[in-house]
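The structure file structure-v3.cif is reproduced below (mmCIF, C-alpha atoms).
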```
data_entry
loop_
_atom_site.label_atom_id
_atom_site.label_comp_id
_atom_site.auth_asym_id
_atom_site.auth_seq_id
_atom_site.Cartn_x
_atom_site.Cartn_y
_atom_site.Cartn_z
CA MET T 122 -22.64 121.16 47.68
CA ALA T 123 -25.66 119.46 49.24
CA TYR T 124 -25.38 119.09 52.98
CA ALA T 125 -27.08 116.28 54.84
CA SER T 126 -28.66 117.63 58.00
CA GLN T 127 -27.66 114.48 59.92
CA ARG T 128 -24.19 113.03 60.21
CA GLN T 129 -24.51 109.23 60.08
CA PRO T 130 -22.28 106.91 62.11
CA ALA T 131 -19.05 105.90 60.35
CA VAL T 132 -17.66 103.32 62.80
CA ALA T 133 -20.68 101.62 64.37
CA GLY T 134 -20.01 97.88 64.24
CA LEU T 135 -16.27 98.56 63.98
CA PHE T 136 -15.22 100.61 67.02
CA TYR T 137 -18.31 99.77 69.07
CA PRO T 138 -21.44 97.61 68.70
CA ALA T 139 -23.98 98.73 66.09
CA ASP T 140 -26.81 97.07 68.00
CA PRO T 141 -28.27 99.54 70.55
CA HIS T 142 -28.87 96.85 73.21
CA SER T 143 -25.33 95.47 72.98
CA LEU T 144 -23.92 98.98 72.95
CA HIS T 145 -25.93 100.03 75.98
CA ALA T 146 -24.90 96.85 77.84
CA GLN T 147 -21.23 97.31 77.01
CA ILE T 148 -21.15 100.94 78.15
CA SER T 149 -23.11 100.15 81.32
CA GLY T 150 -20.54 97.47 82.11
CA TYR T 151 -17.62 99.83 81.61
CA LEU T 152 -19.27 102.53 83.74
CA ALA T 153 -20.18 100.08 86.50
CA SER T 154 -16.64 98.80 86.82
CA ALA T 155 -14.93 102.18 86.42
CA LEU T 156 -12.84 102.99 89.48
CA PRO T 157 -11.28 106.40 88.93
CA ALA T 158 -8.03 107.03 90.77
CA GLU T 159 -9.66 109.92 92.64
CA VAL T 160 -13.01 111.60 93.02
CA VAL T 161 -12.87 114.91 91.21
CA PRO T 162 -14.83 118.03 92.09
CA ALA T 163 -17.22 118.82 89.17
CA PRO T 164 -14.99 118.44 86.10
CA LYS T 165 -15.08 121.31 83.61
CA ALA T 166 -13.15 119.34 81.02
CA LEU T 167 -12.25 115.75 80.24
CA VAL T 168 -9.49 114.27 78.10
CA VAL T 169 -10.54 110.80 76.92
CA PRO T 170 -9.18 108.23 74.45
CA HIS T 171 -10.93 107.28 71.20
CA ALA T 172 -9.91 103.81 70.12
CA GLY T 173 -12.27 100.88 69.68
CA TYR T 174 -14.09 100.20 72.93
CA ILE T 175 -12.28 96.90 73.58
CA TYR T 176 -9.04 98.89 73.62
CA SER T 177 -9.95 102.12 75.38
CA GLY T 178 -13.59 101.96 76.49
CA ALA T 179 -12.74 101.07 80.09
CA VAL T 180 -10.26 103.96 80.27
CA ALA T 181 -12.80 106.43 78.85
CA ALA T 182 -15.42 105.17 81.32
CA SER T 183 -13.31 106.26 84.28
CA ALA T 184 -13.80 109.86 83.10
CA TYR T 185 -17.44 109.54 82.02
CA SER T 186 -18.44 107.96 85.34
CA GLU T 187 -17.52 111.32 86.92
CA LEU T 188 -20.44 112.93 85.04
CA MET T 189 -23.19 110.79 86.54
CA GLN T 190 -23.88 113.12 89.47
CA ARG T 191 -24.20 116.03 87.04
CA ARG T 192 -26.34 114.32 84.43
CA ASP T 193 -29.13 116.90 84.77
CA ILE T 194 -26.80 119.93 84.92
CA ILE T 195 -24.63 119.55 81.80
CA ARG T 196 -26.53 120.76 78.75
CA ARG T 197 -23.79 121.56 76.26
CA VAL T 198 -20.68 119.58 75.40
CA LEU T 199 -17.88 121.03 73.29
CA ILE T 200 -16.11 118.02 71.75
CA LEU T 201 -12.72 118.60 70.15
CA CYS T 202 -10.80 115.94 68.28
CA PRO T 203 -7.83 115.61 65.95
CA THR T 204 -8.40 114.88 62.26
CA HIS T 205 -7.44 111.35 61.24
CA ARG T 206 -8.66 111.28 57.64
CA VAL T 207 -8.95 114.79 56.22
CA ALA T 208 -6.28 117.42 56.74
CA VAL T 209 -7.69 120.63 58.18
CA ARG T 210 -6.13 124.04 58.56
CA GLY T 211 -7.73 125.55 61.62
CA MET T 212 -10.85 124.08 63.20
CA ALA T 213 -13.78 122.57 61.31
CA ILE T 214 -17.33 122.55 62.60
CA PRO T 215 -19.89 120.52 60.63
CA ALA T 216 -22.81 121.88 58.65
CA ALA T 217 -24.76 118.83 59.85
CA GLN T 218 -27.27 119.67 62.58
CA SER T 219 -27.12 116.37 64.41
CA PHE T 220 -24.89 113.32 64.87
CA VAL T 221 -26.57 109.92 64.84
CA THR T 222 -25.47 106.90 66.91
CA PRO T 223 -27.22 103.56 67.54
CA LEU T 224 -28.57 105.19 70.75
CA GLY T 225 -30.25 108.04 68.85
CA ALA T 226 -29.47 111.48 67.44
CA VAL T 227 -27.53 114.17 69.29
CA ALA T 228 -28.33 117.72 68.20
CA VAL T 229 -25.66 120.29 67.42
CA ASP T 230 -26.07 123.31 69.72
CA ARG T 231 -27.23 126.00 67.32
CA GLN T 232 -26.20 129.00 69.42
CA ALA T 233 -22.74 127.59 70.05
CA TRP T 234 -22.46 126.77 66.34
CA LEU T 235 -23.39 130.30 65.28
CA ALA T 236 -20.92 131.78 67.77
CA ALA T 237 -18.12 129.41 66.75
CA ARG T 238 -18.61 130.13 63.05
CA GLU T 239 -17.61 133.77 63.62
CA LEU T 240 -14.36 132.93 65.42
CA PRO T 241 -10.91 133.17 63.86
CA GLY T 242 -9.59 129.84 62.60
CA VAL T 243 -13.05 128.22 62.33
CA ILE T 244 -14.43 126.85 59.06
CA VAL T 245 -17.69 125.03 58.33
CA ASP T 246 -17.00 121.73 56.58
CA ASP T 247 -18.69 118.33 56.88
CA ARG T 248 -15.88 116.45 55.16
CA PRO T 249 -13.46 116.19 58.12
CA HIS T 250 -16.36 114.90 60.23
CA ALA T 251 -17.84 112.36 57.79
CA ASP T 252 -15.46 109.46 58.49
CA GLU T 253 -13.89 110.73 61.73
CA HIS T 254 -14.23 108.29 64.65
CA ALA T 255 -12.76 110.42 67.43
CA ILE T 256 -15.94 112.38 68.21
CA GLU T 257 -18.36 109.61 67.26
CA VAL T 258 -17.03 107.13 69.84
CA GLN T 259 -17.58 109.66 72.66
CA LEU T 260 -21.26 110.18 71.90
CA PRO T 261 -22.67 106.86 73.22
CA PHE T 262 -20.81 107.49 76.50
CA LEU T 263 -22.34 110.96 76.76
CA GLN T 264 -25.76 109.59 75.81
CA SER T 265 -25.39 107.07 78.63
CA THR T 266 -24.27 109.53 81.32
CA LEU T 267 -26.14 112.78 80.57
CA ASP T 268 -29.85 113.55 80.24
CA HIS T 269 -30.49 116.41 77.80
CA PHE T 270 -27.45 117.78 76.05
CA GLU T 271 -26.37 119.21 72.72
CA ILE T 272 -22.89 119.22 71.23
CA LEU T 273 -20.49 121.41 69.33
CA PRO T 274 -18.22 119.02 67.40
CA VAL T 275 -14.88 120.58 66.41
CA ALA T 276 -12.29 118.80 64.28
CA VAL T 277 -8.99 120.46 65.16
CA GLY T 278 -6.33 120.49 62.47
CA GLN T 279 -3.04 122.34 62.47
CA VAL T 280 -3.82 125.47 64.42
CA ASP T 281 -2.29 127.84 66.94
CA ALA T 282 -3.21 126.76 70.48
CA HIS T 283 -4.35 130.31 71.22
CA LEU T 284 -7.10 130.01 68.59
CA VAL T 285 -8.30 126.77 70.20
CA ALA T 286 -8.20 128.46 73.61
CA GLY T 287 -10.15 131.37 72.08
CA LEU T 288 -12.91 129.04 70.95
CA LEU T 289 -13.09 127.41 74.40
CA GLU T 290 -13.08 130.81 76.14
CA SER T 291 -15.89 132.19 74.02
CA LEU T 292 -18.10 129.17 74.76
CA TRP T 293 -16.85 128.52 78.31
CA GLY T 294 -20.23 129.09 79.95
CA GLY T 295 -20.89 127.80 83.45
CA PRO T 296 -21.56 124.36 84.99
CA GLU T 297 -23.92 123.59 82.10
CA THR T 298 -20.99 123.46 79.65
CA LEU T 299 -18.54 120.55 79.54
CA ILE T 300 -15.42 120.34 77.37
CA VAL T 301 -14.34 116.94 76.04
CA ILE T 302 -11.00 116.53 74.28
CA SER T 303 -10.75 113.26 72.39
CA SER T 304 -7.13 112.13 72.19
CA ASP T 305 -4.91 109.08 72.45
CA LEU T 306 -1.32 109.37 73.67
CA SER T 307 1.82 107.80 72.14
CA HIS T 308 1.48 105.54 69.12
CA TYR T 309 3.23 102.28 68.22
CA HIS T 310 6.10 102.12 70.69
CA PRO T 311 7.01 98.98 72.62
CA TYR T 312 5.15 98.62 75.91
CA ARG T 313 7.73 99.87 78.43
CA GLN T 314 8.86 102.74 76.23
CA ALA T 315 5.25 103.80 75.73
CA GLN T 316 4.66 103.80 79.49
CA LEU T 317 7.62 106.10 80.08
CA ARG T 318 6.64 108.44 77.24
CA ASP T 319 3.04 108.65 78.38
CA LYS T 320 4.02 109.33 82.00
CA ALA T 321 6.17 112.23 80.78
CA THR T 322 3.25 113.55 78.71
CA ILE T 323 0.91 113.35 81.71
CA ALA T 324 3.48 115.24 83.81
CA LYS T 325 3.54 117.98 81.16
CA ILE T 326 -0.26 118.18 81.21
CA ALA T 327 -0.24 118.34 85.02
CA HIS T 328 1.97 121.44 84.73
CA LEU T 329 -0.47 122.89 82.17
CA ASP T 330 2.49 123.01 79.78
CA ALA T 331 0.81 123.76 76.44
CA THR T 332 3.67 122.56 74.22
CA LEU T 333 2.57 118.99 73.46
CA ASP T 334 3.29 117.68 69.99
CA GLY T 335 1.66 115.03 67.84
CA ASP T 336 4.10 112.33 68.96
CA GLN T 337 2.93 112.77 72.56
CA ALA T 338 -0.79 112.90 71.84
CA CYS T 339 -2.70 112.81 68.56
CA GLY T 340 -5.03 115.47 69.97
CA ALA T 341 -2.08 117.70 70.90
CA TYR T 342 -3.45 120.83 69.19
CA ALA T 343 -6.76 120.54 71.05
CA ILE T 344 -5.13 119.64 74.38
CA ASN T 345 -2.73 122.59 74.15
CA GLY T 346 -5.69 124.92 73.65
CA LEU T 347 -7.39 123.44 76.71
CA LEU T 348 -4.20 123.82 78.77
CA LEU T 349 -3.96 127.53 77.90
CA ALA T 350 -7.59 128.02 78.94
CA ALA T 351 -6.97 125.94 82.08
CA GLN T 352 -4.16 128.31 83.10
CA ARG T 353 -6.53 131.28 82.89
CA HIS T 354 -9.33 129.53 84.75
CA HIS T 355 -7.09 127.95 87.39
CA LEU T 356 -8.08 124.42 86.55
CA LYS T 357 -6.10 121.51 87.91
CA SER T 358 -5.67 118.21 86.07
CA HIS T 359 -6.54 114.91 87.76
CA LEU T 360 -5.31 111.65 86.23
CA LEU T 361 -8.12 109.08 86.42
CA ASP T 362 -6.65 106.25 84.36
CA LEU T 363 -3.53 105.61 82.29
CA ARG T 364 -3.09 102.41 80.32
CA ASN T 365 -2.23 101.28 76.84
CA SER T 366 -3.45 98.73 74.32
CA GLY T 367 -0.92 96.22 75.71
CA ASP T 368 -2.86 96.36 78.99
CA THR T 369 -6.28 96.04 77.42
CA ALA T 370 -6.60 94.07 74.21
CA GLY T 371 -3.43 94.17 72.13
CA ASP T 372 0.10 92.84 71.91
CA ARG T 373 2.98 94.65 73.61
CA GLU T 374 5.23 95.27 70.62
CA ARG T 375 3.45 98.33 69.22
CA VAL T 376 1.04 99.90 71.65
CA VAL T 377 -1.17 103.00 71.76
CA GLY T 378 -1.40 104.97 75.01
CA TYR T 379 -4.70 105.97 76.59
CA ALA T 380 -5.39 108.36 79.44
CA SER T 381 -8.46 109.76 81.10
CA LEU T 382 -8.04 113.12 82.77
CA ALA T 383 -10.46 115.49 84.41
CA PHE T 384 -9.87 119.21 84.86
CA SER T 385 -11.65 121.04 87.65
CA GLU T 386 -11.30 124.28 89.51
CA ASP T 387 -8.35 124.27 91.86
CA ARG T 388 -9.95 124.38 95.29
CA ASN T 389 -6.85 126.04 96.73
CA HIS T 390 -7.23 128.97 94.40
CA ALA T 391 -9.44 131.84 95.58
CA HIS T 392 -12.16 132.95 93.21
CA HIS T 393 -11.60 136.31 91.60
#
```

This entry written out as structure tokens:
Amino acid sequence: MAYASQRQPAVAGLFYPADPHSLHAQISGYLASALPAEVVPAPKALVVPHAGYIYSGAVAASAYSELMQRRDIIRRVLILCPTHRVAVRGMAIPAAQSFVTPLGAVAVDRQAWLAARELPGVIVDDRPHADEHAIEVQLPFLQSTLDHFEILPVAVGQVDAHLVAGLLESLWGGPETLIVISSDLSHYHPYRQAQLRDKATIAKIAHLDATLDGDQACGAYAINGLLLAAQRHHLKSHLLDLRNSGDTAGDRERVVGYASLAFSEDRNHAHH
């Protein structure tokens, strides 16, 4: 099987503008108007939505705006997403060595890739990544908020949360490493019902309760892995924004929930 060394955009012009100037302007606008619910001490991890920008871009921006002060510190971003088009057992990392967006190419971190390849539950496969939007839509935000960074893109299929936590643990690093979990919340419930469901999901996440299921968040497998790692590292979740498509750009009959969360070290917890 011939592998292309670059993964080309699949949803440019659909989920976000294909023109670099329009894209840059749109993201700058979202970041400028982002007003996170609280200022978070140096986030180690973010959970951000992945719909088209008109639906969830403003919500995502409330998390990405938190990175601006650390734009020269973060060098490696582990990006985990669910698989929307290709079923995966375990976690798939791409063979491709870079991901292209209208803003340029983002390199895959070779050392992280080599380390991940050896871990239990990890396979190398470009197919789950080829048409997957959930990582792609995060890249222009990262390109707009960080200076020099590389990524490890991981498409998380059906997998034990402990294996996901294992991958995060082995690549945890220090302040130079950021974890991004790409996930939406509930899907296709009426507006009020969705609000109640999503609030309950956020409460679960706040308790680092790693038993989310796919009805609560499409990235449940990845989030559960993060929550297990967060328990060990004494991270605390901070809710930055919680809305749904009925609030942003859709009708209220069947909505999709979006949240931005940041996880940072619990200041009340002594360092070991």

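Here the question is which of T:Pro130, T:Gly294, T:Pro138, T:Gly225 gets nearest to Glu253 (chain T) using only C-alpha atoms, and that residue is T:Pro130.
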
Please report as a Markdown table every residue of region 256-305 of chain T lying within 12 Å of region 182-197 of chain T, along with the nearest atom pair and their distance in Å (one decimal), using only C-alpha atoms.
```
| residue | atom | partner | partner_atom | distance |
| --- | --- | --- | --- | --- |
| T:Val258 | CA | T:Ala182 | CA | 11.8 |
| T:Gln259 | CA | T:Tyr185 | CA | 9.4 |
| T:Leu260 | CA | T:Tyr185 | CA | 10.8 |
| T:Pro261 | CA | T:Tyr185 | CA | 10.6 |
| T:Phe262 | CA | T:Tyr185 | CA | 6.8 |
| T:Leu263 | CA | T:Tyr185 | CA | 7.3 |
| T:Gln264 | CA | T:Arg192 | CA | 9.8 |
| T:Ser265 | CA | T:Tyr185 | CA | 9.0 |
| T:Thr266 | CA | T:Met189 | CA | 5.5 |
| T:Leu267 | CA | T:Arg192 | CA | 4.2 |
| T:Asp268 | CA | T:Arg192 | CA | 5.5 |
| T:His269 | CA | T:Arg196 | CA | 6.0 |
| T:Phe270 | CA | T:Arg196 | CA | 4.1 |
| T:Glu271 | CA | T:Arg197 | CA | 5.0 |
| T:Ile272 | CA | T:Arg197 | CA | 5.6 |
| T:Leu273 | CA | T:Arg197 | CA | 7.7 |
| T:Pro274 | CA | T:Arg197 | CA | 10.8 |
| T:Leu292 | CA | T:Arg197 | CA | 9.6 |
| T:Trp293 | CA | T:Arg197 | CA | 10.0 |
| T:Gly294 | CA | T:Arg197 | CA | 9.1 |
| T:Gly295 | CA | T:Ile195 | CA | 9.2 |
| T:Pro296 | CA | T:Ile195 | CA | 6.5 |
| T:Glu297 | CA | T:Ile195 | CA | 4.1 |
| T:Thr298 | CA | T:Arg197 | CA | 4.8 |
| T:Leu299 | CA | T:Arg197 | CA | 6.3 |
| T:Ile300 | CA | T:Arg197 | CA | 8.5 |
| T:Val301 | CA | T:Tyr185 | CA | 10.0 |
| T:Ile302 | CA | T:Ala184 | CA | 11.4 |
| T:Ser303 | CA | T:Ala184 | CA | 11.6 |
```

The PyMOL selection byres ((chain T and resi 275-277) around 7) - which residues does that actually catch in the file I just gave you? List them as an mmCIF file with C-alpha atoms, in the coordinates of the input.
```cif
data_model
loop_
_atom_site.group_PDB
_atom_site.id
_atom_site.type_symbol
_atom_site.label_atom_id
_atom_site.label_comp_id
_atom_site.auth_asym_id
_atom_site.auth_seq_id
_atom_site.Cartn_x
_atom_site.Cartn_y
_atom_site.Cartn_z
ATOM 1 C CA ILE T 200 -16.110 118.020 71.750
ATOM 2 C CA LEU T 201 -12.720 118.600 70.150
ATOM 3 C CA CYS T 202 -10.800 115.940 68.280
ATOM 4 C CA PRO T 203 -7.830 115.610 65.950
ATOM 5 C CA THR T 204 -8.400 114.880 62.260
ATOM 6 C CA GLY T 211 -7.730 125.550 61.620
ATOM 7 C CA MET T 212 -10.850 124.080 63.200
ATOM 8 C CA ALA T 213 -13.780 122.570 61.310
ATOM 9 C CA ILE T 214 -17.330 122.550 62.600
ATOM 10 C CA PRO T 249 -13.460 116.190 58.120
ATOM 11 C CA HIS T 250 -16.360 114.900 60.230
ATOM 12 C CA LEU T 273 -20.490 121.410 69.330
ATOM 13 C CA PRO T 274 -18.220 119.020 67.400
ATOM 14 C CA GLY T 278 -6.330 120.490 62.470
ATOM 15 C CA GLN T 279 -3.040 122.340 62.470
ATOM 16 C CA TYR T 342 -3.450 120.830 69.190
ATOM 17 C CA ALA T 343 -6.760 120.540 71.050
#
```

Residue neighbourhood Ala237 (chain T), 10 Å, all atoms listed in the file, exclusion window fewer than 3 positions, as a PyMOL selection string: chain T and resi 212-214+231-234+240-245+273+275+287-289+291-292

Contacts of region 332-335 of chain T at 8 Å (all atoms listed in the file; same-chain gap of 5+ positions) as JSON, numbers by chain: {"T": [322, 325, 340, 341, 342, 344, 345]}

What are the closest atom pairs, with distances in Å to one decimal, for all residues of region 205-324 of chain T lying within 9 Å of region 353-363 of chain T? Consider all atoms listed in the file, order rows by chain and residue number, and present the result as CSV.
```
residue,atom,partner,partner_atom,distance
T:Gln316,CA,T:Leu363,CA,8.8
T:Asp319,CA,T:Leu363,CA,8.2
T:Lys320,CA,T:Leu363,CA,8.4
T:Ile323,CA,T:Leu360,CA,7.9
```

Nearest to Asp368 (chain T) by atom-to-atom distance, counting only C-alpha atoms, from T:Ala153, T:Ala315, T:Ala163, T:Val132: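 That would be T:Ala315, the residue with the smallest distance to Asp368 (chain T).
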
Output check: residues returned by the PyMOL selection byres ((chain T and resi 373-382) around 6), as number ranges by chain: T: 167-170, 181, 184, 305-312, 359-367, 372, 383

Grab the residues selected above and save them as an mmCIF file, in the frame of the given file with C-alpha atoms.
```cif
data_model
loop_
_atom_site.group_PDB
_atom_site.id
_atom_site.type_symbol
_atom_site.label_atom_id
_atom_site.label_comp_id
_atom_site.auth_asym_id
_atom_site.auth_seq_id
_atom_site.Cartn_x
_atom_site.Cartn_y
_atom_site.Cartn_z
ATOM 1 C CA LEU T 167 -12.250 115.750 80.240
ATOM 2 C CA VAL T 168 -9.490 114.270 78.100
ATOM 3 C CA VAL T 169 -10.540 110.800 76.920
ATOM 4 C CA PRO T 170 -9.180 108.230 74.450
ATOM 5 C CA ALA T 181 -12.800 106.430 78.850
ATOM 6 C CA ALA T 184 -13.800 109.860 83.100
ATOM 7 C CA ASP T 305 -4.910 109.080 72.450
ATOM 8 C CA LEU T 306 -1.320 109.370 73.670
ATOM 9 C CA SER T 307 1.820 107.800 72.140
ATOM 10 C CA HIS T 308 1.480 105.540 69.120
ATOM 11 C CA TYR T 309 3.230 102.280 68.220
ATOM 12 C CA HIS T 310 6.100 102.120 70.690
ATOM 13 C CA PRO T 311 7.010 98.980 72.620
ATOM 14 C CA TYR T 312 5.150 98.620 75.910
ATOM 15 C CA HIS T 359 -6.540 114.910 87.760
ATOM 16 C CA LEU T 360 -5.310 111.650 86.230
ATOM 17 C CA LEU T 361 -8.120 109.080 86.420
ATOM 18 C CA ASP T 362 -6.650 106.250 84.360
ATOM 19 C CA LEU T 363 -3.530 105.610 82.290
ATOM 20 C CA ARG T 364 -3.090 102.410 80.320
ATOM 21 C CA ASN T 365 -2.230 101.280 76.840
ATOM 22 C CA SER T 366 -3.450 98.730 74.320
ATOM 23 C CA GLY T 367 -0.920 96.220 75.710
ATOM 24 C CA ASP T 372 0.100 92.840 71.910
ATOM 25 C CA ALA T 383 -10.460 115.490 84.410
#
```

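Distances to Leu135 (chain T) were evaluated for T:Ala155, T:Pro164, T:Arg210, T:Glu257 using all atoms listed in the file, and the minimum falls at T:Glu257.
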
Kindly list the centre and edge lengths in Å, rounded to one decimal, for the axis-aligned box that covers all listed atoms of region 205-216 of chain T plus 3 Å on each of its six sides, as JSON.
```
{"center_x": -14.5, "center_y": 118.4, "center_z": 59.7, "size_x": 22.7, "size_y": 20.3, "size_z": 13.0}
```

Best match for closeness to Tyr151 (chain T) among T:Gln337, T:Ser177, T:Ser126, T:Gln218, counting all atoms listed in the file: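 Using all atoms listed in the file, the shortest distance to Tyr151 (chain T) belongs to T:Ser177.
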
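Residues within 6 Å of region 172-174 of chain T, counting all atoms listed in the file and excluding same-chain residues fewer than 3 positions away, are Phe136, Tyr137, Ser177 and Gly178 of chain T.
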
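Counting all atoms listed in the file and comparing T:Ala286, T:Ala251, T:Val280, T:Ala350, the residue that lies closest to Gln129 (chain T) is T:Ala251.
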
Pairwise distance for CA of Val285 (chain T) and CA of Leu347 (chain T), rounded to one decimal in Å: 7.4 Å

Residue nearest Pro141 (chain T) among T:Arg128, T:Val160, T:Pro223, T:Ala179 (counting only C-alpha atoms):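 Between T:Arg128, T:Val160, T:Pro223, T:Ala179, the residue approaching Pro141 (chain T) most closely is T:Pro223.
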
Gap from CA of Ala217 (chain T) to CA of Leu235 (chain T) - Å, one decimal: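 Spanning CA of Ala217 (chain T) to CA of Leu235 (chain T) is a straight-line distance of 12.8 Å.
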
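Here CA of Ala321 (chain T) stands at a distance of 26.7 Å from CA of Leu199 (chain T).
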